[in-house]
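For reference, the structure discussed in these notes is given below.
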Amino acid sequence: MLSTGDLQFLRRIDQQIMLHGSRIEPGEIETALRTYPLVKEAVVLLEQETKGHPQLVAFIVESNAEPLSTSALRRHLLHRLPSYMVPSTFVFLDTMPLTSNGKVDRRALRVPEEVEHEESTAQAWSRTPIEELLIGLWKEILGCRQVARHENFFELGGHSLLATRLLAQIRAILNIAVPLRALFEAPTLAGFAQRVEQAWCQHDVSPMPPLHAMERPATIPLSFAQQRLWFVEQLHPGSATYLVPQARRIHGPRNTRALERSLADLIRRHEILRTTFMADAGQPIQVIHPAGQYRLPIIDLRALEDTKKKACVRQITDAEHQCPLDLHKGPLLRTMLLQLADEVHVWLLTLHHILTDGWSNEVLLRELTICYHAFVSGQPSPFAPLPIQYADYALWQRQYLQGEVLSTQLNYWTKRLGGAPVTSLPTDFPRPAVLSARGAVHPFTVSQDLLEALIVLSHQEGVTLFMTLLCAFQILLARYTGQLDIVVGTDSANRTQVQTEEMMGFFVNLLALRTDLSGQPTFREVLRRVREVVLGAYTHQDTPFELLVEKLVPDRRLDCTPLVQVLFVLENGPARSERGRETTTRGQDEVIDPSSLSRGGDEETTVKFDLALFMQERAGMLRGRLHYRLDLFKASTIATLVARLLTLLQSSIKKPDLPIDLLSMTSDVESAQAEQQDMKQAWHIHDDGWFDLAY
């Protein structure tokens with residue numbers, strides 16, 4: 001305290017630090033490390049320059065001559081700490097540097113320049129050519145600087161989508177088919193390398209032919225997924241159900257010419273963006289148009305007052321959401337720029353789903369950003385023409401999925417889904433004879449502590465976060481419906497060929513995941529069942545959902561969707577910053593949810609399922625959006641459903657060996673309110689003031 005009475009802050013006297021918005025106490029990490037039997041001493045520091053960004057570094061003195069494994073230390077810490085507290089780098093020392101007073105000299109602790117070299121030679125070294133190949137693939141797909149032989153694919157951030165990409169790369173390089181199950185059964189690099197070597201030695205050649213540029217016939221058919229949307233459009237012309245609207249807020253000076261050139265370059269690069277669809281002899285075909293210039297419509301709103309400006313943006317956005325795109329006339333890509341201030345704009349982009357999916361949207365935004373920065377800098381287009389286009393994929397798919405291949409795939413799904421029941425959720429309103437597409441969205445967030453616990457449990461059980469969340473969601477549906485046979489759909493990226501990773505188009509496929517919950521199983525047991533269901537589904541993910549519906553549900557009902565009434569998707573597709581080679585926008589723009597431009601609250605939207613749960617893990621946070629039909633549910637019912645899902649997740653983490661029908665779904669507050677209501681109903685009050693129990 002100064003003589004003036006003011007307090008002067010100098011620094012913290014403890015070691016608490018901030019990393020990525022989280023407060024971290026290094027002493028807590030050090031204590032957890034010392035509980036590992038082979039650790040004698042441990043000090044944790046925040047290094048500001050290592051690998052170009054701040055990160056936690058653990059300095060370790062081993063208790064004996066037995067070498068320590070960094071992967072074992074990470075697993076040990078993940079069981080005790082949230083993942084953001086697990087150090088990124090481990091440095092092994094003979095002794096700790098000490099000050100003259102005999103205390104640890106933290107200032108003398110530095111990451112040696114040769115640490116990365118030591119890691120690459122001592123831990124990530126390969127014993128076979130297959131291991132060397134896999135180390136390179138894991139680094140690229142998982143975004144790791146180094147990978148040790150005994151590192152676990154899923155503990156390094158892997159999931160089913162990345163696993164599919166890995167298998168596609170292996171198929172392209174070695175021409176062998178390694179089942180997804182192999183990676184789950186042997187998730188370490190060394191163990192998985194043995195499975196790959198076995199397949200290679202056995203010449204387990206993939207029956208899937210390579211994808212290449214196809215000879216273009218006079219008429220190009222649609223892919224199976226596109227064909228379904230085409231027929232839906234013929235039944236409901238002018239519908240906005242399958243529009244994919246996006247919005248992008250742009251800050252900074254506008255270069256209209258560069259943006260128009262970027263859009264024209266993308267349309268030239270991706271044939272699908274200049275494709276329309278028409279009928280020929282009763283069958284839909286693709287019509288690919290030549291590339292040309294692009295003119296971007298601009299609406300200047302700068303003269304409006306802020307209140308009127310916001311209302312106008314909402315009005316234009318809502319109109320964009322509802323204005324249909326004509327599959328026959330096109331174009332099926334529509335953009336518009338709203339100028340709010342001299343250096344503030346909102347860019348609206350609308351595509352028809354027949355052109356795109358979630359992965360493709362990321363490809364578009366990434367390439368658009370790279371092109372824009374190149375053109376602003378006066379550089380030429382950074383992208384060469386694509387060697388393979390979506391039309392080639394559609395032709396390839398038609399040739400591949402026929403005969404014995406298609407029969408085998410359909411036989412698997414027929415056995416899995418034959419006799420599957422309709423998931424009959426209790427509704428607030430009677431189910432109409434014909435369902436509309438009117439829906440709303442309820443957003444929510446999973447706490448960081450719960451997310452960390454879910455990740456730890458997933459690692460312990462050898463499953464992905466998707467499988468754990470799906471398990472809880474299916475249990476919730478079983479408790480609500482009273483059914484023990486639950487079918488939940490999920491979106492598969494369906495990009496099993498490495499050549500499709502940079503392509504735009506409608507690849508996504510719907511997989512129906514049917515889980516048997518009978519026999520009073522525990523959460524852990526249901527998790528094992530879900531694991532087998534998901535692995536089997538991804539092994540047979542090439543089967544178009546449209547063909548399954550034709551085979552299993554020939555008589556369609558208008559009051560529910562066929563086979564799948566509830567959807568669950570963990571959105572872990574390639575983010576724009578997922579791979580190091582992508583150019584960032586340097587803070588000049590940001591993607592925004594179109595619904596954020598609307599009225600707020602539970603926004604109205606178009607829906608395709610009774611319930612559709614979308615969750616996304618980004619930057620240590622897990623956020624969810626539950627889409628629901630307004631024809632069937634009230635907003636309050638959906639809010640209660642989400643609250644019970646979160647409570648069920650908490651219960652499952654704490655007691656995974658408890659039978660699922662005993663897991664709690666109600667919070668303490670909800671339980672207390674229900675108990676009070678029961679008490680009121682149980683007592684009968686007389687007019688004279690006396691009361692007795694009512695039976």
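Each chain in the structure tokens gets a letter, A, B and so on, in the order shown; residues start at 1 in every chain, and ligands are counted from 1 in the order they appear.
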Test item, alpha helix (DSSP H) assignment across stretch 190-424 of chain A, answer as a PyMOL selection string: chain A and resi 190-201+224-235+256-269+306-322+358-376+390-400+403-417
All residues 9 Å or closer to stretch 279-293 of chain A, only C-alpha atoms, same chain fewer than 5 positions away omitted, as a count of residues only: 21
Nearest candidate to A:Ser447 (options A:Asp392, A:Asp516, A:Glu62, A:Glu617; using only C-alpha atoms):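 That would be A:Glu617, the residue with the smallest distance to A:Ser447.
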Polymer residues at most 9 Å from A:Pro97, only C-alpha atoms, same-chain spacing of 2 or more positions, as a PyMOL selection string: chain A and resi 95+99+103-106+108-109
Export all heavy atoms of the chosen residues as a PDB file, in the first residue's frame?
ATOM      1  N   THR A  95      18.815 -34.308 -13.002  1.00  0.00           N
ATOM      2  CA  THR A  95      18.557 -33.623 -11.736  1.00  0.00           C
ATOM      3  C   THR A  95      17.933 -32.272 -12.038  1.00  0.00           C
ATOM      4  O   THR A  95      18.084 -31.727 -13.142  1.00  0.00           O
ATOM      5  CB  THR A  95      19.854 -33.393 -10.925  1.00  0.00           C
ATOM      6  OG1 THR A  95      20.766 -32.623 -11.722  1.00  0.00           O
ATOM      7  CG2 THR A  95      20.490 -34.720 -10.532  1.00  0.00           C
ATOM      8  N   THR A  99      18.894 -23.349  -6.887  1.00  0.00           N
ATOM      9  CA  THR A  99      19.452 -22.045  -6.536  1.00  0.00           C
ATOM     10  C   THR A  99      20.439 -22.226  -5.392  1.00  0.00           C
ATOM     11  O   THR A  99      20.607 -23.324  -4.852  1.00  0.00           O
ATOM     12  CB  THR A  99      18.340 -21.081  -6.123  1.00  0.00           C
ATOM     13  OG1 THR A  99      17.736 -21.576  -4.903  1.00  0.00           O
ATOM     14  CG2 THR A  99      17.279 -20.961  -7.200  1.00  0.00           C
ATOM     15  N   LYS A 103      16.647 -24.407  -3.533  1.00  0.00           N
ATOM     16  CA  LYS A 103      15.325 -24.527  -4.143  1.00  0.00           C
ATOM     17  C   LYS A 103      15.467 -24.721  -5.656  1.00  0.00           C
ATOM     18  O   LYS A 103      16.506 -24.402  -6.238  1.00  0.00           O
ATOM     19  CB  LYS A 103      14.483 -23.284  -3.853  1.00  0.00           C
ATOM     20  CG  LYS A 103      14.210 -23.070  -2.371  1.00  0.00           C
ATOM     21  CD  LYS A 103      13.332 -21.835  -2.153  1.00  0.00           C
ATOM     22  CE  LYS A 103      13.038 -21.635  -0.668  1.00  0.00           C
ATOM     23  NZ  LYS A 103      12.188 -20.429  -0.433  1.00  0.00           N
ATOM     24  N   VAL A 104      14.388 -25.226  -6.273  1.00  0.00           N
ATOM     25  CA  VAL A 104      14.423 -25.440  -7.718  1.00  0.00           C
ATOM     26  C   VAL A 104      14.557 -24.097  -8.430  1.00  0.00           C
ATOM     27  O   VAL A 104      13.789 -23.161  -8.175  1.00  0.00           O
ATOM     28  CB  VAL A 104      13.148 -26.174  -8.196  1.00  0.00           C
ATOM     29  CG1 VAL A 104      13.140 -26.270  -9.725  1.00  0.00           C
ATOM     30  CG2 VAL A 104      13.074 -27.563  -7.594  1.00  0.00           C
ATOM     31  N   ASP A 105      15.534 -24.004  -9.306  1.00  0.00           N
ATOM     32  CA  ASP A 105      15.762 -22.784 -10.075  1.00  0.00           C
ATOM     33  C   ASP A 105      14.900 -22.843 -11.340  1.00  0.00           C
ATOM     34  O   ASP A 105      15.306 -23.353 -12.383  1.00  0.00           O
ATOM     35  CB  ASP A 105      17.242 -22.672 -10.443  1.00  0.00           C
ATOM     36  CG  ASP A 105      17.573 -21.331 -11.105  1.00  0.00           C
ATOM     37  OD1 ASP A 105      16.629 -20.521 -11.307  1.00  0.00           O
ATOM     38  OD2 ASP A 105      18.745 -21.101 -11.431  1.00  0.00           O
ATOM     39  N   ARG A 106      13.692 -22.317 -11.228  1.00  0.00           N
ATOM     40  CA  ARG A 106      12.752 -22.384 -12.352  1.00  0.00           C
ATOM     41  C   ARG A 106      13.230 -21.577 -13.552  1.00  0.00           C
ATOM     42  O   ARG A 106      12.905 -21.906 -14.697  1.00  0.00           O
ATOM     43  CB  ARG A 106      11.365 -21.908 -11.909  1.00  0.00           C
ATOM     44  CG  ARG A 106      10.713 -22.844 -10.879  1.00  0.00           C
ATOM     45  CD  ARG A 106       9.382 -22.317 -10.389  1.00  0.00           C
ATOM     46  NE  ARG A 106       8.758 -23.247  -9.442  1.00  0.00           N
ATOM     47  CZ  ARG A 106       7.870 -24.174  -9.782  1.00  0.00           C
ATOM     48  NH1 ARG A 106       7.485 -24.281 -11.053  1.00  0.00           N
ATOM     49  NH2 ARG A 106       7.366 -24.989  -8.892  1.00  0.00           N
ATOM     50  N   ALA A 108      16.123 -21.469 -14.694  1.00  0.00           N
ATOM     51  CA  ALA A 108      17.124 -22.247 -15.432  1.00  0.00           C
ATOM     52  C   ALA A 108      16.507 -23.374 -16.240  1.00  0.00           C
ATOM     53  O   ALA A 108      17.190 -24.040 -17.016  1.00  0.00           O
ATOM     54  CB  ALA A 108      18.159 -22.816 -14.459  1.00  0.00           C
ATOM     55  N   LEU A 109      15.199 -23.608 -16.059  1.00  0.00           N
ATOM     56  CA  LEU A 109      14.524 -24.686 -16.788  1.00  0.00           C
ATOM     57  C   LEU A 109      14.106 -24.173 -18.160  1.00  0.00           C
ATOM     58  O   LEU A 109      13.282 -23.275 -18.275  1.00  0.00           O
ATOM     59  CB  LEU A 109      13.302 -25.172 -16.008  1.00  0.00           C
ATOM     60  CG  LEU A 109      13.612 -25.926 -14.703  1.00  0.00           C
ATOM     61  CD1 LEU A 109      12.324 -26.192 -13.940  1.00  0.00           C
ATOM     62  CD2 LEU A 109      14.322 -27.245 -15.012  1.00  0.00           C
TER      63      LEU A 109
END
Nearest to A:Glu461, chosen from A:Asp318, A:Arg529, A:Leu632, A:Leu229, with only C-alpha atoms counted in the distances: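 Smallest separation from A:Glu461 among the options: A:Arg529.
Take atom CA of A:Leu235 and atom CA of A:Phe277: the distance between them is 15.2 Å.
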Residue contacts of stretch 27-38 of chain A (9 Å, only C-alpha atoms) excluding same-chain residues fewer than 2 positions away, as a VMD selection string: chain A and resid 15 to 16 24 to 25 40 to 44 58 60 to 64 66 to 68 73 76 to 77 80 to 81 85 to 87
Output C-alpha atoms for every residue in that selection, as a JSON list (two decimals), in the first residue's frame.
[["chain", "number", "residue", "atom", "x", "y", "z"],
["A", 15, "GLN", "CA", 2.35, -19.81, -9.60],
["A", 16, "GLN", "CA", -1.15, -19.60, -11.11],
["A", 24, "ILE", "CA", -4.18, -23.35, -14.20],
["A", 25, "GLU", "CA", -2.29, -24.10, -11.00],
["A", 40, "LYS", "CA", 10.76, -38.61, -8.65],
["A", 41, "GLU", "CA", 10.47, -34.86, -9.20],
["A", 42, "ALA", "CA", 8.29, -32.73, -11.44],
["A", 43, "VAL", "CA", 8.09, -29.03, -12.28],
["A", 44, "VAL", "CA", 5.56, -27.52, -14.71],
["A", 58, "ALA", "CA", 6.69, -30.66, -17.65],
["A", 60, "ILE", "CA", 10.68, -34.68, -15.03],
["A", 61, "VAL", "CA", 13.34, -36.43, -12.97],
["A", 62, "GLU", "CA", 12.84, -40.20, -13.12],
["A", 63, "SER", "CA", 12.93, -42.32, -9.99],
["A", 64, "ASN", "CA", 15.04, -45.08, -11.54],
["A", 66, "GLU", "CA", 13.55, -47.50, -16.34],
["A", 67, "PRO", "CA", 12.57, -45.17, -19.23],
["A", 68, "LEU", "CA", 9.36, -43.21, -19.00],
["A", 73, "LEU", "CA", 2.24, -39.97, -18.47],
["A", 76, "HIS", "CA", -2.04, -40.99, -16.17],
["A", 77, "LEU", "CA", -2.81, -37.25, -16.09],
["A", 80, "ARG", "CA", -6.80, -37.06, -12.83],
["A", 81, "LEU", "CA", -6.93, -33.71, -14.61],
["A", 85, "MET", "CA", -3.98, -29.13, -17.85],
["A", 86, "VAL", "CA", -2.00, -31.94, -19.49],
["A", 87, "PRO", "CA", 1.44, -30.63, -20.62]]
Those in stretch 309-397 of chain A with strand (DSSP E) from DSSP, as a list in words: Leu333, Arg334, Thr335, Met336, Leu337, Leu338, Gln339, Leu340, Ala341, Val344, His345, Val346, Trp347, Leu348, Leu349, Thr350, Leu351 and His352 of chain A
Restricting it to N, CA and C atoms, dump the selection as a short mmCIF file (atom, residue, chain, number, x, y, z; two decimals), in the first residue's frame.
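What follows is the written file selection-v4.cif:
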data_model
loop_
_atom_site.label_atom_id
_atom_site.label_comp_id
_atom_site.auth_asym_id
_atom_site.auth_seq_id
_atom_site.Cartn_x
_atom_site.Cartn_y
_atom_site.Cartn_z
N LEU A 333 -26.33 -21.48 -56.54
CA LEU A 333 -25.51 -20.74 -55.58
C LEU A 333 -25.92 -19.28 -55.67
N ARG A 334 -26.29 -18.70 -54.55
CA ARG A 334 -26.76 -17.31 -54.53
C ARG A 334 -26.01 -16.56 -53.42
N THR A 335 -25.46 -15.41 -53.73
CA THR A 335 -24.74 -14.61 -52.75
C THR A 335 -25.24 -13.17 -52.78
N MET A 336 -24.96 -12.48 -51.68
CA MET A 336 -25.37 -11.08 -51.55
C MET A 336 -24.51 -10.44 -50.47
N LEU A 337 -24.15 -9.19 -50.65
CA LEU A 337 -23.34 -8.48 -49.67
C LEU A 337 -24.15 -7.31 -49.12
N LEU A 338 -24.31 -7.25 -47.80
CA LEU A 338 -25.00 -6.15 -47.13
C LEU A 338 -23.95 -5.24 -46.49
N GLN A 339 -23.93 -3.99 -46.89
CA GLN A 339 -22.96 -3.05 -46.33
C GLN A 339 -23.60 -2.30 -45.18
N LEU A 340 -23.06 -2.54 -43.95
CA LEU A 340 -23.61 -1.92 -42.74
C LEU A 340 -22.87 -0.64 -42.37
N ALA A 341 -21.57 -0.60 -42.68
CA ALA A 341 -20.75 0.58 -42.42
C ALA A 341 -19.64 0.59 -43.46
N VAL A 344 -17.74 -2.58 -42.52
CA VAL A 344 -18.48 -3.68 -41.90
C VAL A 344 -19.52 -4.17 -42.90
N HIS A 345 -19.47 -5.47 -43.21
CA HIS A 345 -20.39 -6.07 -44.17
C HIS A 345 -20.90 -7.40 -43.64
N VAL A 346 -22.03 -7.82 -44.15
CA VAL A 346 -22.53 -9.18 -43.92
C VAL A 346 -22.70 -9.83 -45.29
N TRP A 347 -22.00 -10.93 -45.46
CA TRP A 347 -22.06 -11.66 -46.72
C TRP A 347 -22.98 -12.86 -46.56
N LEU A 348 -24.02 -12.93 -47.39
CA LEU A 348 -24.99 -14.03 -47.34
C LEU A 348 -24.71 -14.99 -48.48
N LEU A 349 -24.67 -16.27 -48.15
CA LEU A 349 -24.43 -17.31 -49.14
C LEU A 349 -25.50 -18.38 -48.98
N THR A 350 -26.15 -18.73 -50.06
CA THR A 350 -27.18 -19.77 -50.04
C THR A 350 -26.90 -20.76 -51.16
N LEU A 351 -26.84 -22.05 -50.81
CA LEU A 351 -26.67 -23.11 -51.79
C LEU A 351 -27.79 -24.12 -51.60
N HIS A 352 -28.05 -24.89 -52.63
CA HIS A 352 -28.97 -26.01 -52.49
C HIS A 352 -28.18 -27.22 -51.99
#
Contacts of A:Arg479 within 12 Å, only C-alpha atoms, excl. fewer than 6 positions in-chain, as a list in words: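 The residues satisfying every condition are Thr423, Ser424, Leu425, Pro426, Ala472, Phe473, Asp485, Ile486, Leu517, Ser518, Leu641, Arg644, Leu645, Leu648, Ile660, Asp661, Leu662, Leu663, Ser664 and Met665 of chain A.
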Spatial neighbours of stretch 252-255 of chain A, max dist 8 Å, only C-alpha atoms, sep filter under 3 positions, as a ChimeraX atom specification: /A:258-259,342-344,376,588
If you keep all heavy atoms, can you produce a file of those selected residues as a PDB file, in the first residue's frame?
ATOM      1  N   ALA A 258     -11.899  -8.281 -55.833  1.00  0.00           N
ATOM      2  CA  ALA A 258     -11.198  -9.486 -55.374  1.00  0.00           C
ATOM      3  C   ALA A 258     -12.193 -10.547 -54.915  1.00  0.00           C
ATOM      4  O   ALA A 258     -11.994 -11.746 -55.160  1.00  0.00           O
ATOM      5  CB  ALA A 258     -10.230  -9.137 -54.248  1.00  0.00           C
ATOM      6  N   LEU A 259     -13.273 -10.121 -54.254  1.00  0.00           N
ATOM      7  CA  LEU A 259     -14.277 -11.072 -53.800  1.00  0.00           C
ATOM      8  C   LEU A 259     -15.008 -11.694 -54.986  1.00  0.00           C
ATOM      9  O   LEU A 259     -15.263 -12.906 -55.014  1.00  0.00           O
ATOM     10  CB  LEU A 259     -15.258 -10.382 -52.854  1.00  0.00           C
ATOM     11  CG  LEU A 259     -16.280 -11.280 -52.140  1.00  0.00           C
ATOM     12  CD1 LEU A 259     -15.604 -12.427 -51.408  1.00  0.00           C
ATOM     13  CD2 LEU A 259     -17.116 -10.450 -51.162  1.00  0.00           C
ATOM     14  N   ASP A 342     -18.764   1.597 -43.394  1.00  0.00           N
ATOM     15  CA  ASP A 342     -17.713   1.684 -44.402  1.00  0.00           C
ATOM     16  C   ASP A 342     -16.864   0.418 -44.444  1.00  0.00           C
ATOM     17  O   ASP A 342     -16.442  -0.013 -45.517  1.00  0.00           O
ATOM     18  CB  ASP A 342     -16.818   2.902 -44.119  1.00  0.00           C
ATOM     19  CG  ASP A 342     -17.554   4.212 -44.396  1.00  0.00           C
ATOM     20  OD1 ASP A 342     -18.603   4.158 -45.080  1.00  0.00           O
ATOM     21  OD2 ASP A 342     -17.088   5.263 -43.924  1.00  0.00           O
ATOM     22  N   GLU A 343     -16.595  -0.189 -43.276  1.00  0.00           N
ATOM     23  CA  GLU A 343     -15.747  -1.377 -43.231  1.00  0.00           C
ATOM     24  C   GLU A 343     -16.419  -2.522 -42.477  1.00  0.00           C
ATOM     25  O   GLU A 343     -15.760  -3.352 -41.865  1.00  0.00           O
ATOM     26  CB  GLU A 343     -14.404  -1.044 -42.584  1.00  0.00           C
ATOM     27  CG  GLU A 343     -13.581  -0.037 -43.394  1.00  0.00           C
ATOM     28  CD  GLU A 343     -12.168   0.106 -42.874  1.00  0.00           C
ATOM     29  OE1 GLU A 343     -11.851  -0.531 -41.843  1.00  0.00           O
ATOM     30  OE2 GLU A 343     -11.371   0.842 -43.489  1.00  0.00           O
ATOM     31  N   VAL A 344     -17.736  -2.578 -42.523  1.00  0.00           N
ATOM     32  CA  VAL A 344     -18.481  -3.677 -41.905  1.00  0.00           C
ATOM     33  C   VAL A 344     -19.524  -4.173 -42.897  1.00  0.00           C
ATOM     34  O   VAL A 344     -20.357  -3.393 -43.369  1.00  0.00           O
ATOM     35  CB  VAL A 344     -19.171  -3.244 -40.588  1.00  0.00           C
ATOM     36  CG1 VAL A 344     -19.935  -4.425 -39.987  1.00  0.00           C
ATOM     37  CG2 VAL A 344     -18.139  -2.729 -39.595  1.00  0.00           C
ATOM     38  N   VAL A 376      -6.235  -9.905 -53.461  1.00  0.00           N
ATOM     39  CA  VAL A 376      -5.999  -8.600 -52.836  1.00  0.00           C
ATOM     40  C   VAL A 376      -4.520  -8.239 -52.925  1.00  0.00           C
ATOM     41  O   VAL A 376      -4.149  -7.069 -53.104  1.00  0.00           O
ATOM     42  CB  VAL A 376      -6.476  -8.621 -51.367  1.00  0.00           C
ATOM     43  CG1 VAL A 376      -5.939  -7.409 -50.604  1.00  0.00           C
ATOM     44  CG2 VAL A 376      -7.996  -8.624 -51.302  1.00  0.00           C
ATOM     45  N   GLN A 588      -9.789 -10.737 -40.044  1.00  0.00           N
ATOM     46  CA  GLN A 588     -10.550  -9.768 -40.825  1.00  0.00           C
ATOM     47  C   GLN A 588     -12.008 -10.156 -41.015  1.00  0.00           C
ATOM     48  O   GLN A 588     -12.817  -9.342 -41.410  1.00  0.00           O
ATOM     49  CB  GLN A 588      -9.890  -9.585 -42.195  1.00  0.00           C
ATOM     50  CG  GLN A 588      -8.502  -8.958 -42.104  1.00  0.00           C
ATOM     51  CD  GLN A 588      -8.539  -7.611 -41.433  1.00  0.00           C
ATOM     52  OE1 GLN A 588      -9.278  -6.737 -41.858  1.00  0.00           O
ATOM     53  NE2 GLN A 588      -7.774  -7.431 -40.383  1.00  0.00           N
TER      54      GLN A 588
END
